[in-house]
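Q: My structure is stored as query36.txt, with compact mmCIF, C-alpha atoms.
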# COMPACT_ATOMS: atom_id res chain seq x y z
CA MET A 86 71.00 117.82 138.47
CA GLN A 87 72.55 119.61 135.50
CA ILE A 88 75.31 117.02 135.26
CA LEU A 89 72.76 114.19 135.55
CA PHE A 90 70.75 115.78 132.75
CA LEU A 91 73.84 115.96 130.51
CA LEU A 92 74.64 112.32 131.25
CA ILE A 93 71.13 111.19 130.29
CA LEU A 94 71.21 113.41 127.21
CA PHE A 95 74.43 111.90 125.87
CA LEU A 96 73.41 108.36 126.67
CA CYS A 97 70.33 108.96 124.54
CA LEU A 98 72.37 110.54 121.75
CA PHE A 99 74.81 107.65 121.49
CA CYS A 100 72.18 104.95 121.90
CA SER A 101 70.26 106.51 119.01
CA ALA A 102 73.28 106.24 116.69
CA SER A 103 72.25 103.85 113.93
CA SER A 104 75.61 103.76 112.17
CA GLN A 105 79.25 104.57 112.55
CA ASP A 106 78.63 107.84 110.70
CA ASP A 107 76.07 108.86 113.31
CA LEU A 108 78.69 108.29 115.99
CA ALA A 109 81.08 110.57 114.12
CA ASP A 110 78.41 113.26 114.05
CA HIS A 111 77.92 112.92 117.80
CA TRP A 112 81.60 113.64 118.38
CA ARG A 113 80.97 117.21 117.24
CA GLU A 114 78.27 117.52 119.89
CA TYR A 115 80.69 116.06 122.41
CA VAL A 116 83.33 118.67 121.48
CA ALA A 117 80.71 121.37 122.04
CA LEU A 118 80.11 119.94 125.51
CA LEU A 119 83.82 120.12 126.29
CA GLU A 120 83.91 123.73 125.11
CA THR A 121 81.04 124.50 127.46
CA PHE A 122 82.86 122.89 130.37
CA ASP A 123 85.96 124.90 129.52
CA LYS A 124 84.02 128.16 129.27
CA TYR A 125 82.86 127.79 132.84
CA GLY A 126 86.15 126.39 134.10
CA TYR A 127 84.98 122.81 134.60
CA GLY A 128 86.78 121.12 131.73
CA ASP A 129 90.20 120.46 130.30
CA ARG A 130 91.02 121.84 126.86
CA SER A 131 93.41 118.98 126.28
CA MET A 132 90.38 116.69 125.83
CA GLU A 133 89.10 118.84 122.96
CA ASP A 134 92.57 118.97 121.44
CA GLU A 135 92.73 115.17 121.60
CA LEU A 136 89.52 114.89 119.63
CA ASN A 137 90.52 117.30 116.88
CA ARG A 138 94.21 116.65 116.39
CA ASN A 139 95.75 114.31 113.82
CA SER A 140 98.54 112.61 115.71
CA SER A 141 101.17 111.50 113.24
CA SER A 142 104.23 112.75 115.10
CA ILE A 143 105.35 109.33 116.33
CA THR A 144 109.12 109.07 116.22
CA VAL A 145 110.42 105.74 114.94
CA GLU A 146 113.63 104.44 113.47
CA ALA A 147 113.22 102.60 110.18
CA HIS A 148 116.05 101.17 108.12
CA PHE A 149 115.05 100.83 104.47
CA ASP A 150 117.96 99.93 102.26
CA CYS A 151 116.11 97.92 99.64
CA LYS A 152 116.88 98.47 95.97
CA PRO A 153 114.11 99.45 93.51
CA SER A 154 112.13 96.40 92.45
CA ALA A 155 109.69 96.80 89.56
CA SER A 156 109.16 94.92 86.32
CA LEU A 157 110.26 96.51 83.05
CA GLU A 158 106.90 95.49 81.62
CA LYS A 159 103.73 95.08 83.65
CA PRO A 160 103.45 91.37 84.52
CA THR A 161 100.40 89.33 83.66
CA SER A 162 100.96 86.74 86.39
CA VAL A 163 100.57 87.41 90.11
CA HIS A 164 103.34 84.88 90.67
CA LYS A 165 105.81 87.20 88.89
CA LEU A 166 104.71 90.33 90.74
CA ARG A 167 107.31 92.66 92.26
CA PRO A 168 106.67 95.25 95.00
CA GLY A 169 107.04 98.14 92.59
CA ASP A 170 104.37 96.68 90.31
CA ILE A 171 101.61 97.33 92.87
CA ASN A 172 99.54 100.35 91.81
CA VAL A 173 96.66 100.18 94.30
CA ILE A 174 96.54 99.23 97.98
CA ALA A 175 93.44 98.57 100.11
CA ALA A 176 92.40 97.07 103.45
CA MET A 177 89.45 95.46 105.20
CA GLY A 178 88.79 94.61 108.83
CA ASP A 179 87.74 96.03 112.19
CA SER A 180 88.98 98.71 114.61
CA LEU A 181 92.57 97.48 114.28
CA THR A 182 92.51 98.40 110.59
CA ALA A 183 90.49 101.55 111.28
CA ALA A 184 93.30 102.25 113.78
CA ASN A 185 91.10 103.32 116.67
CA GLY A 186 93.26 105.09 119.23
CA ALA A 187 96.50 104.58 117.28
CA GLY A 188 97.51 108.19 117.82
CA ALA A 189 95.79 108.76 121.15
CA ASP A 190 97.40 110.21 124.25
CA THR A 191 94.34 109.68 126.46
CA VAL A 192 91.51 107.17 126.71
CA LEU A 193 89.26 109.64 124.85
CA GLY A 194 91.29 109.07 121.70
CA VAL A 195 90.36 105.39 121.58
CA ALA A 196 87.12 106.33 119.84
CA ILE A 197 88.98 108.23 117.10
CA GLN A 198 89.91 106.33 113.93
CA TYR A 199 93.51 107.27 113.08
CA ARG A 200 93.37 105.59 109.68
CA GLY A 201 96.54 107.30 108.50
CA LEU A 202 98.46 105.32 111.13
CA ALA A 203 96.97 101.87 110.35
CA ALA A 204 99.75 99.31 109.82
CA SER A 205 98.21 97.81 106.68
CA ILE A 206 96.80 100.90 104.98
CA GLY A 207 98.02 104.10 106.70
CA GLY A 208 99.96 106.67 104.68
CA ASP A 209 100.63 109.50 107.12
CA GLU A 210 104.04 111.19 106.90
CA SER A 211 106.70 108.80 105.58
CA LEU A 212 108.44 105.58 106.54
CA GLU A 213 110.86 107.53 108.72
CA GLN A 214 107.98 108.77 110.89
CA VAL A 215 105.32 106.05 110.57
CA ILE A 216 106.10 102.43 109.70
CA THR A 217 103.21 101.09 107.64
CA LEU A 218 102.85 98.84 104.62
CA PRO A 219 101.92 101.72 102.26
CA ASN A 220 104.88 103.78 103.45
CA ILE A 221 107.13 100.83 102.66
CA MET A 222 105.48 100.30 99.27
CA ARG A 223 105.85 103.99 98.42
CA ASN A 224 109.60 103.43 98.42
CA TYR A 225 109.03 101.04 95.52
CA ASN A 226 106.25 102.99 93.78
CA ALA A 227 105.79 106.62 94.79
CA ASP A 228 102.48 106.78 92.91
CA ILE A 229 100.75 103.94 94.74
CA TYR A 230 97.11 104.83 95.48
CA GLY A 231 94.50 103.87 98.06
CA TYR A 232 96.16 104.44 101.44
CA SER A 233 94.41 106.41 104.19
CA THR A 234 95.58 109.62 105.78
CA GLY A 235 94.54 111.53 108.90
CA THR A 236 91.44 110.56 110.85
CA GLY A 237 87.88 109.73 109.85
CA THR A 238 85.34 106.99 109.22
CA LYS A 239 85.15 104.52 106.36
CA ASN A 240 83.15 107.09 104.39
CA SER A 241 85.64 109.92 104.84
CA ARG A 242 87.30 111.00 101.60
CA ASN A 243 90.79 110.62 103.05
CA SER A 244 90.06 107.00 104.03
CA LYS A 245 90.15 106.08 100.34
CA LEU A 246 90.29 102.27 100.01
CA ASN A 247 90.26 101.49 103.73
CA VAL A 248 86.76 100.06 104.21
CA ALA A 249 87.33 98.70 107.73
CA VAL A 250 84.50 99.12 110.26
CA PRO A 251 85.19 99.35 114.02
CA GLY A 252 83.39 96.53 115.81
CA ALA A 253 83.16 94.43 112.63
CA VAL A 254 82.92 90.65 112.82
CA THR A 255 83.60 88.09 110.13
CA ASP A 256 79.99 87.63 109.03
CA GLY A 257 80.06 91.29 107.98
CA MET A 258 83.12 90.91 105.77
CA PRO A 259 81.27 89.94 102.57
CA LYS A 260 79.57 93.34 102.80
CA GLN A 261 82.95 95.03 103.13
CA ALA A 262 84.26 93.06 100.15
CA ARG A 263 81.30 94.17 98.04
CA LYS A 264 81.88 97.77 99.06
CA LEU A 265 85.55 97.51 98.11
CA VAL A 266 84.76 96.04 94.69
CA ASP A 267 82.31 98.87 94.00
CA LYS A 268 84.74 101.54 95.22
CA MET A 269 87.50 100.26 92.96
CA LYS A 270 85.19 100.10 89.98
CA ASN A 271 83.97 103.67 90.49
CA ASP A 272 87.23 105.35 91.54
CA PRO A 273 88.73 107.34 88.63
CA ASN A 274 92.18 106.84 90.18
CA VAL A 275 91.93 103.07 89.76
CA ASP A 276 92.37 101.33 86.42
CA PHE A 277 90.16 98.42 87.43
CA GLU A 278 91.22 96.08 84.64
CA ASN A 279 94.94 96.82 84.43
CA ASP A 280 96.25 98.05 87.81
CA TRP A 281 97.83 95.51 90.13
CA LYS A 282 96.12 95.67 93.52
CA MET A 283 96.98 94.51 97.02
CA VAL A 284 94.38 94.19 99.78
CA THR A 285 95.05 93.19 103.38
CA ILE A 286 92.34 91.43 105.41
CA PHE A 287 92.60 91.24 109.19
CA ILE A 288 89.47 90.14 111.05
CA GLY A 289 88.36 87.83 113.86
CA GLY A 290 89.23 89.59 117.11
CA ASN A 291 85.68 90.71 117.82
CA ASP A 292 84.39 87.24 116.98
CA LEU A 293 86.69 85.67 119.56
CA CYS A 294 85.93 88.34 122.13
CA ARG A 295 82.26 87.30 121.99
CA TYR A 296 82.68 83.57 121.48
CA CYS A 297 81.95 82.66 125.10
CA LYS A 298 78.53 84.33 124.79
CA TYR A 299 77.60 83.26 121.25
CA PRO A 300 79.54 80.05 120.45
CA GLU A 301 77.33 79.08 117.51
CA ARG A 302 77.59 82.36 115.65
CA TYR A 303 81.33 82.77 116.25
CA SER A 304 82.40 79.16 115.83
CA PRO A 305 85.66 78.50 113.94
CA GLU A 306 83.60 76.82 111.23
CA ASN A 307 81.48 79.92 110.67
CA TYR A 308 84.61 82.05 110.73
CA ILE A 309 85.99 80.13 107.75
CA ILE A 310 82.67 80.07 105.90
CA PHE A 311 82.35 83.85 105.91
CA PHE A 312 86.05 84.40 105.26
CA GLU A 313 85.92 82.21 102.18
CA GLU A 314 82.75 83.94 100.99
CA THR A 315 84.60 87.24 101.32
CA LEU A 316 87.51 85.99 99.23
CA MET A 317 85.16 84.70 96.55
CA ILE A 318 83.71 88.19 96.17
CA LEU A 319 87.22 89.61 95.86
CA THR A 320 87.93 87.25 92.96
CA GLU A 321 85.78 89.62 90.91
CA ILE A 322 88.71 92.04 90.99
CA PRO A 323 91.33 91.41 88.29
CA ARG A 324 95.04 91.53 89.11
CA MET A 325 94.73 91.08 92.85
CA PHE A 326 97.13 89.97 95.60
CA VAL A 327 95.35 89.33 98.92
CA ASN A 328 97.25 89.45 102.22
CA VAL A 329 95.41 87.32 104.77
CA ILE A 330 96.58 88.12 108.29
CA GLY A 331 96.28 85.32 110.83
CA MET A 332 94.48 86.10 114.07
CA LEU A 333 96.42 87.43 117.04
CA ASN A 334 96.24 85.87 120.49
CA VAL A 335 93.18 87.60 121.89
CA GLN A 336 93.49 86.00 125.32
CA ASN A 337 96.42 88.33 126.02
CA VAL A 338 94.06 91.30 126.25
CA ALA A 339 93.80 90.81 130.01
CA GLU A 340 97.52 91.53 130.35
CA LEU A 341 96.97 95.09 129.07
CA SER A 342 95.67 96.18 132.42
CA SER A 343 94.89 99.60 133.86
CA PHE A 344 91.78 101.19 135.31
CA SER A 345 90.58 102.66 132.02
CA CYS A 346 91.71 99.68 129.92
CA ASP A 347 89.90 97.21 132.15
CA ILE A 348 86.68 99.21 131.81
CA LEU A 349 86.96 99.31 128.01
CA HIS A 350 87.87 95.63 127.75
CA GLN A 351 84.83 94.62 129.78
CA PHE A 352 82.70 96.12 126.99
CA LEU A 353 84.87 95.39 123.96
CA CYS A 354 86.28 91.94 124.82
CA PRO A 355 84.31 90.40 127.70
CA CYS A 356 85.50 86.86 126.96
CA GLY A 357 89.12 87.95 127.21
CA MET A 358 88.57 89.38 130.69
CA LYS A 359 87.02 86.27 132.21
CA GLU A 360 89.69 84.05 133.71
CA ASP A 361 87.53 80.95 133.32
CA ASP A 362 87.20 81.59 129.56
CA ARG A 363 90.85 82.31 128.73
CA GLU A 364 91.83 78.70 128.07
CA LEU A 365 88.75 78.28 125.86
CA LEU A 366 89.65 81.50 124.04
CA ARG A 367 93.22 80.31 123.51
CA ASP A 368 91.95 77.06 122.02
CA LYS A 369 89.50 78.81 119.68
CA THR A 370 92.16 81.27 118.59
CA ARG A 371 94.36 78.36 117.56
CA GLN A 372 91.46 76.86 115.63
CA TYR A 373 90.83 80.16 113.85
CA GLN A 374 94.50 80.34 112.90
CA SER A 375 94.82 76.73 111.83
CA LEU A 376 91.62 76.53 109.79
CA LEU A 377 92.29 79.82 108.04
CA GLN A 378 95.85 78.86 107.12
CA SER A 379 94.67 75.49 105.84
CA SER A 380 92.01 77.17 103.71
CA ILE A 381 94.42 79.66 102.16
CA ASP A 382 97.28 77.20 101.70
CA SER A 383 94.99 74.66 100.03
CA GLY A 384 95.25 76.57 96.76
CA LYS A 385 91.48 76.86 96.32
CA PHE A 386 91.88 80.60 95.72
CA ASP A 387 94.63 80.25 93.14
CA ILE A 388 91.85 80.21 90.58
CA ARG A 389 93.41 82.53 88.03
CA ASP A 390 96.91 83.54 87.09
CA ASP A 391 96.17 87.13 88.16
CA PHE A 392 94.66 86.36 91.59
CA THR A 393 96.06 84.83 94.75
CA ALA A 394 95.62 84.86 98.53
CA VAL A 395 98.60 84.40 100.86
CA PHE A 396 98.40 83.63 104.56
CA GLN A 397 100.66 85.75 106.79
CA PRO A 398 101.34 83.94 110.10
CA PHE A 399 103.32 86.57 112.02
CA TYR A 400 100.68 86.90 114.77
CA ILE A 401 100.61 83.21 115.65
CA GLU A 402 103.38 83.37 118.23
CA THR A 403 103.70 87.09 118.78
CA THR A 404 101.61 90.15 119.55
CA LEU A 405 103.56 92.50 117.29
CA PRO A 406 103.63 92.46 113.46
CA ARG A 407 106.66 91.91 111.33
CA HIS A 408 107.43 93.47 107.96
CA ALA A 409 109.04 90.59 106.13
CA ILE A 410 109.13 89.10 102.67
CA GLN A 411 109.43 85.37 102.99
CA PRO A 412 108.31 82.26 101.05
CA VAL A 413 105.06 80.57 101.95
CA GLY A 414 105.86 77.77 104.39
CA TYR A 415 109.01 79.50 105.66
CA LYS A 416 107.54 82.68 107.16
CA ASP A 417 108.47 83.66 110.70
CA ARG A 418 106.03 82.99 113.51
CA SER A 419 107.57 85.53 115.90
CA TRP A 420 109.05 89.02 115.81
CA THR A 421 112.34 90.45 117.05
CA PRO A 422 112.31 94.13 118.09
CA GLY A 423 114.61 96.37 116.09
CA GLU A 424 115.14 94.10 113.09
CA ASP A 425 115.33 95.73 109.68
CA ILE A 426 112.85 95.44 106.83
CA ARG A 427 113.64 92.48 104.61
CA CYS A 428 114.22 93.15 100.93
CA PRO A 429 113.40 91.03 97.89
CA SER A 430 116.47 89.10 96.84
CA GLU A 431 118.14 89.54 93.47
CA ASP A 432 117.70 85.82 92.82
CA PHE A 433 113.96 85.95 93.59
CA PRO A 434 112.55 89.50 93.30
CA PHE A 435 108.87 88.49 93.33
CA LEU A 436 106.22 88.62 96.04
CA TYR A 437 105.91 85.09 97.38
CA THR A 438 102.73 83.14 96.64
CA ASN A 439 101.63 79.57 97.31
CA LYS A 440 102.68 78.58 93.80
CA ASN A 441 106.01 80.32 93.35
CA SER A 442 107.17 79.27 96.84
CA ARG A 443 107.37 75.66 95.72
CA ASP A 444 110.80 74.28 94.90
CA SER A 445 109.38 72.90 91.67
CA TRP A 446 108.14 76.29 90.41
CA SER A 447 109.98 77.50 87.35
CA GLY A 448 107.72 80.33 86.24
CA GLN A 449 106.63 78.48 83.12
CA ASP A 450 103.47 77.19 84.81
CA SER A 451 102.32 80.69 85.80
CA ASP A 452 100.00 80.93 82.81
CA GLU A 453 97.95 77.96 83.95
CA ASN A 454 94.40 78.94 84.85
CA GLN A 455 93.06 75.80 86.44
CA HIS A 456 93.09 74.14 89.81
CA GLU A 457 95.64 71.56 90.77
CA GLY A 458 94.49 68.33 92.36
CA THR A 459 91.07 66.73 92.35
CA ASP A 460 89.53 68.14 95.51
CA GLN A 461 89.28 71.78 94.42
CA GLN A 462 86.24 73.38 92.87
CA PRO A 463 85.81 76.24 90.40
CA PRO A 464 84.50 79.52 91.86
CA GLN A 465 80.85 78.97 90.96
CA GLN A 466 80.70 75.53 92.57
CA GLU A 467 82.67 76.76 95.59
CA GLN A 468 80.17 79.58 96.14
CA GLN A 469 77.23 77.19 95.83
CA HIS A 470 78.89 74.93 98.40
CA GLN A 471 79.28 77.88 100.80
CA GLU A 472 75.64 78.89 100.37
CA GLN A 473 74.59 75.32 101.17
CA GLN A 474 76.72 75.42 104.33
CA HIS A 475 75.04 78.67 105.36
CA GLN A 476 71.60 77.10 104.91
CA GLU A 477 72.58 74.02 106.92
CA GLU A 478 73.97 76.17 109.73
CA ALA A 479 70.81 78.29 109.79
CA GLN A 480 68.66 75.15 109.90
CA LYS A 481 70.71 73.81 112.80
CA GLN A 482 70.18 76.99 114.80
CA ASP A 483 66.44 76.94 114.01
CA ASN A 484 66.18 73.36 115.25
CA PHE A 485 68.17 73.68 118.43
CA GLY A 486 67.75 77.34 119.23
CA SER A 487 70.45 79.89 119.92
CA PRO A 488 71.00 82.77 122.34
CA VAL A 489 69.97 86.26 121.43
CA GLU A 490 72.73 87.65 119.22
CA PRO A 491 74.27 91.08 119.50
CA PRO A 492 73.09 93.70 117.00
CA GLN A 493 74.46 93.68 113.47
CA GLU A 494 76.19 96.67 111.95
CA GLY A 495 73.86 99.61 112.36
CA GLY A 496 72.89 98.69 115.91
CA LEU A 497 74.64 99.52 119.16
CA SER A 498 78.10 98.05 118.62
CA GLY A 499 80.74 97.31 121.20
CA GLY A 500 82.52 100.49 120.15
CA SER A 501 79.36 102.51 120.79
CA ILE A 502 79.02 101.05 124.25
CA ALA A 503 82.65 101.87 124.96
CA VAL A 504 82.07 105.46 123.90
CA ILE A 505 79.07 105.63 126.21
CA ALA A 506 81.18 104.33 129.07
CA ILE A 507 83.91 106.89 128.33
CA LEU A 508 81.40 109.72 128.18
CA ALA A 509 79.86 108.62 131.45
CA LEU A 510 83.28 108.70 133.09
CA VAL A 511 84.01 112.13 131.64
CA VAL A 512 80.70 113.58 132.76
CA VAL A 513 81.01 112.07 136.23
CA GLY A 514 84.54 113.43 136.44
CA ALA A 515 83.32 116.86 135.41
CA ALA A 516 80.64 116.67 138.09
CA MET A 517 83.27 115.90 140.71
CA MET A 518 85.36 118.84 139.51
CA LEU A 519 82.31 121.07 139.79
CA VAL A 520 81.65 119.95 143.36
CA VAL A 521 85.28 120.49 144.36
CA ARG A 522 85.33 123.97 142.85
CA ARG A 523 82.13 124.98 144.64
CA VAL A 524 83.41 123.61 147.94
CA LYS A 525 86.59 125.66 147.56
CA GLN A 526 84.58 128.75 146.67
CA SER A 527 82.32 128.30 149.71
CA ARG A 528 85.40 128.32 151.94
CA ASN A 529 86.78 131.56 150.48
CA PRO A 530 85.44 134.50 152.56
CA TYR A 531 86.20 136.99 149.81
CA ILE A 532 83.79 135.46 147.31
CA GLN A 533 80.96 134.52 149.63
CA LEU A 534 77.79 136.63 149.27
Could you show the structure in this file as structure tokens?

A:
Amino acid sequence: MQILFLLILFLCLFCSASSQDDLADHWREYVALLETFDKYGYGDRSMEDELNRNSSSITVEAHFDCKPSASLEKPTSVHKLRPGDINVIAAMGDSLTAANGAGADTVLGVAIQYRGLAASIGGDESLEQVITLPNIMRNYNADIYGYSTGTGTKNSRNSKLNVAVPGAVTDGMPKQARKLVDKMKNDPNVDFENDWKMVTIFIGGNDLCRYCKYPERYSPENYIIFFEETLMILTEIPRMFVNVIGMLNVQNVAELSSFSCDILHQFLCPCGMKEDDRELLRDKTRQYQSLLQSSIDSGKFDIRDDFTAVFQPFYIETTLPRHAIQPVGYKDRSWTPGEDIRCPSEDFPFLYTNKNSRDSWSGQDSDENQHEGTDQQPPQQEQQHQEQQHQEEAQKQDNFGSPVEPPQEGGLSGGSIAVIAILALVVVGAAMMLVVRRVKQSRNPYIQL
């Protein structure tokens, strides 16, 4: 009965969490529970250690032989930007950017956000210990700012400019973009007008994992609408280079199989676990990838000489990222284990953009501040067009009806449900340990009353 009471208590606690911060607060209560189990001999201290530790001791072998690459004078064009010119780094996305479980040794650690280990924004240790984009960029500019360290939520001080939210979907990205703009404006370590900034956006996995249940909300068309709205908000930031990461192949989630993984995936990615939906999921993933690349490569976001967005396709045909510097249109679509980090060439030391990747680019046109072609719109008209699309989509759903949607941020997210499932397993396991201990004690004649 005591174990049943604890189970009900913690289900209530986690169901009452109205935000990610509330969930973080509940972890402290969970640690107290583990301490209580340990006090009476029913728990395992390693579970508490897993919750509190900052796991950055991952041994890797990185070969970085690139020469320093920074401009003698700060460039005014994003198309003449070198790695060492980047002063500020940031990231947006979901649990993959929050790095849930990145340093975990047990399933309990999946709920912990190891932001210092995130590939796009983590800054734990150095490149020799942890291969991340900031740790690479620190070899070009040791004073780069914005990367995360340790563990914590998006509001933790050490998260800095990592605004990713576990469980986030694309229609929540405009909110993240607004938060990032405000953080940069108000951070005394950021020269908002003059610093060159790089932000990485990686989002869409949670959308695809729920597509089979809510096809209207998570349609490829809506994915692009909200992604483009997000980028339009980021255009408010001067001197900005945006890395847009193409979606990974979510249907492969079923291949990561084990007892605990299968339980988590049933909550976190139900569409990826249904065999009948995998072909549909593969098709929608391709649409996400194709539409997003077409949007970015169209040049509609090359609206100023100090702003650009570049599509990175390394997830299209692989499940592992690649750290490469390659021209737009010639980037790799797969990854080879053990290959070294690619360096900027002496002939072309700049970060590749849609414009400077063209054979015709000479650098003289980098001061142009207008769209090329006749089918592109200035930012104000583009935003009005997106708002009109939103209204039309909403009208369509009102006319034809739509299934009940999952809660928005602030409700019970997939991550919250996963935590509940983990806690239930832990409590049930503790109950079984208690029963076994009491059975053993009842068989020992020296401790019987």

Q: I need the residue nearest Glu278 of chain A from this list: A:Val250, A:Val266, A:Ala175, A:Ile426. Use all atoms listed in the file for the distance.

A: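 Of A:Val250, A:Val266, A:Ala175, A:Ile426, the one nearest Glu278 of chain A is A:Val266, counting all atoms listed in the file.
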
Q: Report, in Å with one decimal, the straight-line distance from atom CA of Thr191 of chain A to atom CA of Thr236 of chain A.

A: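 We find that atom CA of Thr191 of chain A and atom CA of Thr236 of chain A lie 15.9 Å from each other.
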
Q: For Val395 of chain A, which of A:Ile330, A:Leu366, A:Val275, A:Ala176 is the closest residue, counting all atoms listed in the file?

A: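 Closest to Val395 of chain A, using all atoms listed in the file: A:Ile330.
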
Q: To one decimal place in Å, what is the distance between atom CA of Met332 of chain A and atom CA of Gln374 of chain A?

A: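 Between these atoms lies a distance of 5.9 Å.
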
Q: What does the distance between atom CA of Cys354 of chain A and atom CA of Cys294 of chain A come to in Å, to one decimal place?

A: 4.5 Å

Q: Pick from A:Leu202, A:Met283, A:Val195, A:Val327: nearest to Pro251 of chain A, with all atoms listed in the file counted?

A: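 When distances to Pro251 of chain A are compared using all atoms listed in the file, the smallest one comes from A:Val195.
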
Q: Considering only C-alpha atoms, state which residue in the set A:Ile288, A:Leu181, A:Trp281, A:Tyr199 is at the smallest distance from Phe312 of chain A.

A: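 Smallest separation from Phe312 of chain A among the options: A:Ile288.
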
Q: Excluding segment 156-164 of chain A and any residue of its chain fewer than 2 positions from it, enumerate the residues within 12 Å of it, using only C-alpha atoms, and give them as a ChimeraX atom specification.

A: /A:153-154,166-172,225-226,278-283,323-327,387-395,412,433-443,446-454

Q: What residues have an atom no more than 7 Å from (88.1, 94.4, 92.7) in the file's own frame, counting all atoms listed in the file, and can you write them as a PDB file with C-alpha atoms, keeping the file's coordinate frame?

A:
ATOM      1  CA  LEU A 265      85.550  97.510  98.110  1.00  0.00           C
ATOM      2  CA  VAL A 266      84.760  96.040  94.690  1.00  0.00           C
ATOM      3  CA  MET A 269      87.500 100.260  92.960  1.00  0.00           C
ATOM      4  CA  LYS A 270      85.190 100.100  89.980  1.00  0.00           C
ATOM      5  CA  PHE A 277      90.160  98.420  87.430  1.00  0.00           C
ATOM      6  CA  LEU A 319      87.220  89.610  95.860  1.00  0.00           C
ATOM      7  CA  GLU A 321      85.780  89.620  90.910  1.00  0.00           C
ATOM      8  CA  ILE A 322      88.710  92.040  90.990  1.00  0.00           C
ATOM      9  CA  PRO A 323      91.330  91.410  88.290  1.00  0.00           C
TER      10      PRO A 323
END

Q: Contacts of Asp368 of chain A at 12 Å or less, counting only C-alpha atoms, minus same-chain residues fewer than 5 places along, as a CSV table (one decimal) with C-alpha atoms, keeping the file's coordinate frame?

A:
chain,number,residue,atom,x,y,z
A,293,LEU,CA,86.7,85.7,119.6
A,296,TYR,CA,82.7,83.6,121.5
A,297,CYS,CA,82.0,82.7,125.1
A,304,SER,CA,82.4,79.2,115.8
A,305,PRO,CA,85.7,78.5,113.9
A,334,ASN,CA,96.2,85.9,120.5
A,335,VAL,CA,93.2,87.6,121.9
A,336,GLN,CA,93.5,86.0,125.3
A,362,ASP,CA,87.2,81.6,129.6
A,363,ARG,CA,90.8,82.3,128.7
A,373,TYR,CA,90.8,80.2,113.8
A,374,GLN,CA,94.5,80.3,112.9
A,375,SER,CA,94.8,76.7,111.8

Q: As a PyMOL selection string, please: the residues near Thr285 of chain A (cut-off 12 Å, all atoms listed in the file, same-chain neighbours under 5 positions excluded).

A: chain A and resi 173-179+181-182+203-207+218-219+231-232+246-249+262+265+316+319+325-331+394-397

Q: Can you write out the residues you just picked, keeping C-alpha atoms, as a tab-separated table (two decimals), keeping the file's coordinate frame?

A:
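Final file, result_1.tsv:
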chain	number	residue	atom	x	y	z
A	173	VAL	CA	96.66	100.18	94.30
A	174	ILE	CA	96.54	99.23	97.98
A	175	ALA	CA	93.44	98.57	100.11
A	176	ALA	CA	92.40	97.07	103.45
A	177	MET	CA	89.45	95.46	105.20
A	178	GLY	CA	88.79	94.61	108.83
A	179	ASP	CA	87.74	96.03	112.19
A	181	LEU	CA	92.57	97.48	114.28
A	182	THR	CA	92.51	98.40	110.59
A	203	ALA	CA	96.97	101.87	110.35
A	204	ALA	CA	99.75	99.31	109.82
A	205	SER	CA	98.21	97.81	106.68
A	206	ILE	CA	96.80	100.90	104.98
A	207	GLY	CA	98.02	104.10	106.70
A	218	LEU	CA	102.85	98.84	104.62
A	219	PRO	CA	101.92	101.72	102.26
A	231	GLY	CA	94.50	103.87	98.06
A	232	TYR	CA	96.16	104.44	101.44
A	246	LEU	CA	90.29	102.27	100.01
A	247	ASN	CA	90.26	101.49	103.73
A	248	VAL	CA	86.76	100.06	104.21
A	249	ALA	CA	87.33	98.70	107.73
A	262	ALA	CA	84.26	93.06	100.15
A	265	LEU	CA	85.55	97.51	98.11
A	316	LEU	CA	87.51	85.99	99.23
A	319	LEU	CA	87.22	89.61	95.86
A	325	MET	CA	94.73	91.08	92.85
A	326	PHE	CA	97.13	89.97	95.60
A	327	VAL	CA	95.35	89.33	98.92
A	328	ASN	CA	97.25	89.45	102.22
A	329	VAL	CA	95.41	87.32	104.77
A	330	ILE	CA	96.58	88.12	108.29
A	331	GLY	CA	96.28	85.32	110.83
A	394	ALA	CA	95.62	84.86	98.53
A	395	VAL	CA	98.60	84.40	100.86
A	396	PHE	CA	98.40	83.63	104.56
A	397	GLN	CA	100.66	85.75	106.79
